[in-house]
$ cat target-v6.cif   # mmCIF, C-alpha atoms and all ligand atoms
data_target
loop_
_atom_site.label_atom_id
_atom_site.label_comp_id
_atom_site.auth_asym_id
_atom_site.auth_seq_id
_atom_site.Cartn_x
_atom_site.Cartn_y
_atom_site.Cartn_z
CA MET F 633 80.54 79.94 118.57
CA GLU F 634 80.62 77.14 121.16
CA LYS F 635 83.60 77.06 123.52
CA GLU F 636 84.77 73.65 122.24
CA ASP F 637 84.86 74.83 118.62
CA PHE F 638 86.61 78.05 119.63
CA GLU F 639 89.27 76.07 121.50
CA LYS F 640 89.84 73.72 118.57
CA ILE F 641 90.19 76.48 115.97
CA PHE F 642 92.29 78.75 118.20
CA LYS F 643 94.68 75.90 119.10
CA ARG F 644 95.10 74.99 115.42
CA TYR F 645 96.20 78.54 114.62
CA LEU F 646 98.39 78.78 117.72
CA GLU F 647 100.29 75.66 116.69
CA LYS F 648 101.05 77.31 113.35
CA ILE F 649 102.72 80.24 115.12
CA GLN F 650 104.42 77.84 117.57
CA ILE F 651 102.57 78.97 120.67
CA ASP F 652 101.50 76.54 123.33
CA ILE F 653 98.87 77.84 125.70
CA GLU F 654 97.08 76.68 128.87
CA LYS F 655 93.35 75.93 128.84
CA GLU F 656 92.55 78.74 131.33
CA LYS F 657 94.08 81.28 128.98
CA ILE F 658 92.05 79.99 126.03
CA GLU F 659 88.97 80.45 128.19
CA LYS F 660 89.97 84.07 128.76
CA PHE F 661 90.25 84.62 125.01
CA TYR F 662 86.81 83.07 124.57
CA LYS F 663 85.33 85.38 127.21
CA TYR F 664 87.08 88.37 125.62
CA MET F 665 85.60 87.53 122.20
CA ASN F 666 82.09 87.28 123.61
CA ILE F 667 82.37 90.59 125.49
CA LEU F 668 83.77 92.21 122.33
CA LEU F 669 80.85 90.96 120.23
CA GLU F 670 78.30 92.00 122.84
CA TRP F 671 79.67 95.55 123.31
CA ASN F 672 80.18 95.90 119.57
CA LYS F 673 76.40 95.97 119.16
CA ASN F 674 76.33 99.35 120.91
CA ILE F 675 79.74 100.92 120.40
CA ASN F 676 81.99 100.73 117.41
CA LEU F 677 84.88 98.45 118.41
CA THR F 678 85.61 96.23 115.43
CA ALA F 679 84.42 95.62 111.88
CA ILE F 680 85.34 91.94 112.29
CA THR F 681 82.48 89.97 113.81
CA ASN F 682 82.97 86.44 112.51
CA PRO F 683 84.49 84.37 115.38
CA GLU F 684 87.08 82.60 113.23
CA GLU F 685 88.18 85.94 111.81
CA ILE F 686 88.42 87.41 115.31
CA ILE F 687 90.68 84.51 116.23
CA LEU F 688 92.96 85.02 113.25
CA LYS F 689 92.91 88.77 112.57
CA HIS F 690 92.80 89.99 116.17
CA PHE F 691 94.09 87.28 118.53
CA ILE F 692 96.67 85.44 116.42
CA ASP F 693 97.88 88.62 114.73
CA SER F 694 98.42 90.27 118.14
CA LEU F 695 100.24 87.22 119.48
CA THR F 696 102.76 87.20 116.60
CA ILE F 697 104.72 89.93 118.43
CA GLU F 698 104.86 88.02 121.74
CA ARG F 699 108.30 86.69 120.87
CA TYR F 700 109.72 90.23 120.71
CA ILE F 701 109.02 90.80 124.41
CA ASN F 702 111.54 89.77 127.05
CA ARG F 703 110.61 88.56 130.50
CA SER F 704 108.83 91.11 132.75
CA GLU F 705 109.15 93.99 130.31
CA SER F 706 106.76 96.95 130.38
CA ILE F 707 104.73 97.72 127.28
CA ILE F 708 102.62 100.63 126.16
CA ASP F 709 100.11 99.97 123.35
CA ILE F 710 99.19 103.21 121.60
CA GLY F 711 95.83 103.47 119.82
CA THR F 712 94.84 100.08 121.19
CA GLY F 713 91.17 100.41 120.14
CA ALA F 714 89.41 97.28 121.38
CA GLY F 715 92.70 96.09 122.93
CA PHE F 716 94.91 94.97 120.04
CA PRO F 717 97.62 93.88 120.44
CA GLY F 718 97.80 94.71 124.19
CA ILE F 719 95.07 92.48 125.66
CA PRO F 720 96.03 89.23 123.86
CA LEU F 721 99.66 89.83 124.85
CA LYS F 722 98.66 90.32 128.49
CA ILE F 723 96.40 87.25 128.58
CA PHE F 724 99.21 85.11 127.21
CA ARG F 725 102.12 86.72 129.10
CA GLU F 726 101.34 87.14 132.79
CA ASP F 727 104.92 88.38 133.42
CA ILE F 728 104.59 91.62 131.46
CA THR F 729 103.11 94.99 132.48
CA VAL F 730 100.77 96.55 129.93
CA THR F 731 99.49 100.10 129.51
CA LEU F 732 96.73 100.52 126.93
CA VAL F 733 96.15 103.99 125.49
CA ASP F 734 93.33 105.28 123.31
CA SER F 735 91.90 108.70 122.60
CA LEU F 736 88.30 107.42 122.60
CA ASN F 737 86.89 107.14 126.10
CA LYS F 738 84.17 104.64 125.13
CA ARG F 739 86.89 102.19 124.15
CA ILE F 740 88.67 102.75 127.47
CA LYS F 741 85.44 101.90 129.34
CA PHE F 742 85.23 98.70 127.32
CA LEU F 743 88.86 97.83 128.09
CA GLU F 744 88.34 98.44 131.82
CA TYR F 745 85.37 96.08 131.74
CA VAL F 746 87.43 93.39 129.96
CA ILE F 747 90.33 93.80 132.42
CA ASP F 748 87.93 93.34 135.32
CA LYS F 749 85.99 90.39 133.88
CA LEU F 750 89.16 88.54 132.83
CA ASN F 751 90.79 89.34 136.16
CA LEU F 752 93.94 90.62 134.43
CA LYS F 753 96.70 92.04 136.64
CA ASN F 754 99.41 94.62 135.96
CA ILE F 755 97.46 96.24 133.16
CA GLN F 756 95.78 99.63 132.93
CA ALA F 757 93.77 101.48 130.29
CA ILE F 758 94.35 105.21 129.91
CA HIS F 759 92.23 107.70 128.06
CA GLY F 760 94.42 110.19 126.21
CA ARG F 761 96.24 111.14 123.07
CA ALA F 762 99.75 109.89 122.44
CA GLU F 763 100.87 113.48 121.79
CA GLU F 764 99.80 114.55 125.31
CA LEU F 765 100.78 111.50 127.32
CA GLY F 766 104.18 111.42 125.62
CA LYS F 767 104.95 114.78 127.19
CA ASN F 768 103.75 113.76 130.65
CA LYS F 769 106.68 112.82 132.92
CA ASN F 770 104.75 109.85 134.36
CA TYR F 771 104.78 108.18 130.94
CA ARG F 772 107.67 109.70 129.01
CA GLU F 773 110.73 107.45 128.63
CA LYS F 774 109.26 104.93 131.11
CA TYR F 775 108.65 101.82 128.98
CA ASP F 776 110.76 98.98 127.59
CA ILE F 777 108.48 98.64 124.56
CA ALA F 778 105.96 100.79 122.72
CA THR F 779 103.75 98.99 120.25
CA SER F 780 100.94 99.82 117.89
CA ARG F 781 98.81 98.29 115.15
CA ALA F 782 96.90 100.16 112.46
CA VAL F 783 97.27 103.68 113.84
CA ALA F 784 99.48 105.81 111.58
CA ASN F 785 102.24 105.85 108.98
CA LEU F 786 105.74 105.15 110.26
CA SER F 787 106.82 108.79 110.54
CA THR F 788 103.72 109.83 112.55
CA LEU F 789 103.82 106.62 114.53
CA SER F 790 107.45 107.20 115.53
CA GLU F 791 106.49 110.56 116.99
CA TYR F 792 103.71 108.83 118.95
CA LEU F 793 105.81 105.89 120.17
CA ILE F 794 109.48 106.83 120.60
CA PRO F 795 108.92 109.44 123.39
CA PHE F 796 107.47 106.69 125.64
CA ILE F 797 110.43 104.32 125.58
CA LYS F 798 113.60 104.32 127.67
CA ILE F 799 116.98 104.50 125.99
CA ASN F 800 117.68 101.01 124.58
CA GLY F 801 113.92 100.36 124.56
CA ARG F 802 112.18 99.25 121.35
CA CYS F 803 109.16 100.14 119.27
CA ILE F 804 107.42 97.15 117.72
CA CYS F 805 105.38 98.51 114.81
CA MET F 806 102.81 96.12 113.31
CA LYS F 807 102.50 97.01 109.66
CA GLY F 808 100.80 95.74 106.51
CA PRO F 809 102.42 94.26 103.42
CA ASP F 810 103.93 97.32 101.75
CA VAL F 811 106.33 99.22 103.93
CA GLU F 812 109.20 100.23 101.69
CA GLU F 813 107.83 103.69 100.97
CA GLU F 814 106.88 104.23 104.62
CA ILE F 815 110.34 103.22 105.77
CA LYS F 816 111.92 105.57 103.25
CA ASN F 817 109.67 108.43 104.38
CA GLY F 818 110.02 107.65 108.08
CA LYS F 819 113.79 107.18 108.37
CA ASN F 820 114.62 110.78 109.14
CA ALA F 821 111.78 111.15 111.68
CA ILE F 822 113.05 108.08 113.51
CA LYS F 823 116.57 109.53 113.63
CA VAL F 824 115.38 112.96 114.81
CA LEU F 825 113.39 111.28 117.60
CA GLY F 826 116.46 109.34 118.81
CA GLY F 827 115.75 105.95 117.20
CA LYS F 828 117.01 103.58 114.54
CA ILE F 829 115.33 100.74 112.65
CA ILE F 830 117.17 97.58 113.67
CA LYS F 831 114.94 94.91 112.13
CA ASN F 832 112.06 94.31 109.76
CA ASP F 833 110.49 90.87 109.82
CA PHE F 834 108.03 89.73 107.20
CA LEU F 835 105.38 87.13 107.97
CA THR F 836 102.14 85.69 106.63
CA LEU F 837 99.35 84.84 109.07
CA PRO F 838 98.57 81.09 109.05
CA ASN F 839 96.09 79.71 106.49
CA SER F 840 95.71 83.12 104.89
CA ASP F 841 97.35 85.60 102.57
CA ILE F 842 97.45 88.33 105.24
CA LYS F 843 100.95 89.73 105.14
CA ARG F 844 102.67 91.66 107.90
CA ASN F 845 105.86 93.54 108.43
CA ILE F 846 107.03 93.91 112.00
CA ILE F 847 109.41 96.81 112.24
CA THR F 848 111.62 97.10 115.31
CA ILE F 849 113.04 100.50 116.19
CA LYS F 850 115.64 100.84 118.93
CA LYS F 851 116.01 104.05 120.93
CA LEU F 852 119.61 105.18 121.01
CA GLU F 853 119.25 108.71 122.38
CA LYS F 854 116.80 110.77 124.40
CA THR F 855 113.95 112.26 122.37
CA PRO F 856 114.30 116.06 121.98
CA ILE F 857 111.89 117.83 124.32
CA LYS F 858 109.94 119.47 121.49
CA TYR F 859 108.51 116.07 120.51
CA PRO F 860 105.79 114.95 120.39
CA ARG F 861 104.32 118.14 118.94
CA LYS F 862 100.81 119.27 119.76
CA PRO F 863 97.82 116.97 119.12
CA GLY F 864 97.13 116.55 115.43
CA THR F 865 100.47 117.92 114.20
CA PRO F 866 102.31 114.56 113.88
CA SER F 867 99.62 113.27 111.52
CA LYS F 868 99.05 116.54 109.62
CA GLU F 869 102.73 117.36 109.23
CA PRO F 870 104.77 114.19 109.68
CA ILE F 871 108.47 114.87 110.22
CA ALA F 872 109.95 114.63 106.72
N1 LIG V 901 95.19 98.98 117.46
C1 LIG V 901 93.81 98.59 117.28
C2 LIG V 901 93.70 97.48 116.28
O1 LIG V 901 94.66 97.22 115.56
O2 LIG V 901 92.63 96.85 116.19
C3 LIG V 901 92.95 99.79 116.87
C4 LIG V 901 93.27 100.39 115.54
S1 LIG V 901 92.17 101.71 115.13
C5 LIG V 901 92.26 101.72 113.40
C6 LIG V 901 93.10 103.16 115.63
C7 LIG V 901 92.88 103.54 117.09
O3 LIG V 901 93.86 104.52 117.44
C8 LIG V 901 91.52 104.13 117.37
O4 LIG V 901 90.93 103.43 118.47
C9 LIG V 901 91.80 105.59 117.72
O5 LIG V 901 90.90 106.10 118.69
C10 LIG V 901 93.24 105.51 118.24
N2 LIG V 901 94.05 106.73 118.04
C11 LIG V 901 94.24 107.41 116.87
N3 LIG V 901 95.09 108.45 117.06
C12 LIG V 901 95.45 108.42 118.37
C13 LIG V 901 96.30 109.24 119.17
N4 LIG V 901 96.93 110.28 118.64
N5 LIG V 901 96.46 108.92 120.47
C14 LIG V 901 95.79 107.85 121.01
N6 LIG V 901 94.97 107.05 120.30
C15 LIG V 901 94.80 107.32 119.00
#
$ encode --input "target-v6.cif" --output "C-alpha cells" --more "lines below"
Ligand code: SAM
Amino acid sequence: MEKEDFEKIFKRYLEKIQIDIEKEKIEKFYKYMNILLEWNKNINLTAITNPEEIILKHFIDSLTIERYINRSESIIDIGTGAGFPGIPLKIFREDITVTLVDSLNKRIKFLEYVIDKLNLKNIQAIHGRAEELGKNKNYREKYDIATSRAVANLSTLSEYLIPFIKINGRCICMKGPDVEEEIKNGKNAIKVLGGKIIKNDFLTLPNSDIKRNIITIKKLEKTPIKYPRKPGTPSKEPIA
C-alpha cells in the first residue's frame, strides 16, 4: 500500500477512536507495517497480511487502550508476539516506558529490529516466559501496568500479569466479546494473586463488528511468593 493511502485510511480510523496523531508517527506506523510484512514472509508473525486489516486489527485495536495509561507510566506487555499492543502504544506515547516480553526468540529479534529502525526510545524486548520473569526481582512488582492481548484465559493471564505490577498498579486485559464465563472463572485467581477487577469496558472497533472487552484489574496486595508457578502450570492448571 502506498504511504498516502495508508495515511488516509489510518487517519480515518484514528478519528473514530478520537486520536489525533502527528505525521511523523504515522510514518513510523507505515514503516512498522512494511517491516512486519517483509519479516512475515520468513517467520510466523501474523496471520493478518492485508494492510487495511493490519491498520484496524493490530494498530487501532492496540491504540484503544492508550487512554488507560497515565503520563510517564511503565508498561510490560506479556506475550507481545509481533509487538501488539506494546509497539503501537510506544509509537503514539513517547512519554511511557515499555517492556515487551515473548517466549519466542525469533519474535524478539524482530522486535529489536523494529525498535532500532523506528528509533524508539525507552523500550526493550525481552526473551522469556512470564512465569520465569515474574519471579525475577528485576521485573517483579516493578511496573505501573501489565497488559496483554490474545495470550490466555483470565485466570492464567492473571498469574502471568499480576506479579509484575506494583501495589496500586493495573492490569489492562484485552479480551474478545464473551468474557462473562472467564470473569466468573478468574475471580478467585485474581483475588489470590492480590488483585481485584475494577472495570470492564465494552467497545466495538470502528467500521466493523469486532467486539472487545477491556478488563482492568487493580493490585491491592502483594502477590504471594509462590506465584507465578513453574512454566506451563498456570495454563495447565489455572487457579480455580
Ligand atoms: N499479543 C500479540 C497479539 O495480540 O498479536 C500476540 C498474541 S499470540 C496469539 C500469543 C503470544 O504469546 C505468542 O507470541 C507466544 O509466544 C506468547 N506467549 C505465550 N505464552 C507465553 C508465556 N507464558 N510467556 C511469554 N510469552 C508467551
$ closest_residue --input "target-v6.cif" --among "F:Arg861, F:Lys741, F:Lys655, F:His690" --to "Pro720 in chain F" --atoms "all atoms listed in the file"
F:His690
$ residues_near_ligand --input "target-v6.cif" --ligand "ligand LIG 901 (chain V)" --cutoff "6 Å" --atoms "only C-alpha atoms and all ligand atoms" --output "tab-separated table (two decimals) with C-alpha atoms, in the coordinates of the input"
chain	number	residue	atom	x	y	z
F	710	ILE	CA	99.19	103.21	121.60
F	711	GLY	CA	95.83	103.47	119.82
F	712	THR	CA	94.84	100.08	121.19
F	713	GLY	CA	91.17	100.41	120.14
F	716	PHE	CA	94.91	94.97	120.04
F	733	VAL	CA	96.15	103.99	125.49
F	734	ASP	CA	93.33	105.28	123.31
F	735	SER	CA	91.90	108.70	122.60
F	736	LEU	CA	88.30	107.42	122.60
F	760	GLY	CA	94.42	110.19	126.21
F	761	ARG	CA	96.24	111.14	123.07
F	762	ALA	CA	99.75	109.89	122.44
F	763	GLU	CA	100.87	113.48	121.79
F	780	SER	CA	100.94	99.82	117.89
F	781	ARG	CA	98.81	98.29	115.15
F	782	ALA	CA	96.90	100.16	112.46
F	783	VAL	CA	97.27	103.68	113.84
$ axis_aligned_box --input "target-v6.cif" --around "range 716-730 of chain F" --padding-each-side "5 Å" --output "JSON"
{"center_x": 99.9, "center_y": 90.8, "center_z": 126.7, "size_x": 20.0, "size_y": 21.4, "size_z": 23.4}
$ atom_distance --input "target-v6.cif" --atom1 "CA of Asn832 in chain F" --atom2 "CA of Tyr771 in chain F"
26.3 Å
$ atom_distance --input "target-v6.cif" --atom1 "CA of Lys660 in chain F" --atom2 "CA of Asp841 in chain F"
27.3 Å
$ closest_residue --input "target-v6.cif" --among "F:Asn737, F:Asn770, F:Asn751, F:Asn845" --to "Lys722 in chain F" --atoms "only C-alpha atoms"
F:Asn751
$ residues_near_point --input "target-v6.cif" --point "(99.0, 94.1, 125.7)" --cutoff "9 Å" --atoms "only C-alpha atoms" --output "list of chain:residue names"
F:Ser694, F:Ile707, F:Ile708, F:Asp709, F:Thr712, F:Gly715, F:Phe716, F:Pro717, F:Gly718, F:Ile719, F:Pro720, F:Leu721, F:Lys722, F:Ile723, F:Arg725, F:Ile728, F:Thr729, F:Val730, F:Thr731, F:Leu732, F:Ile755, F:Thr779
$ closest_residue --input "target-v6.cif" --among "F:Phe742, F:Phe638, F:Tyr700, F:Phe796" --to "Trp671 in chain F" --atoms "all atoms listed in the file"
F:Phe742
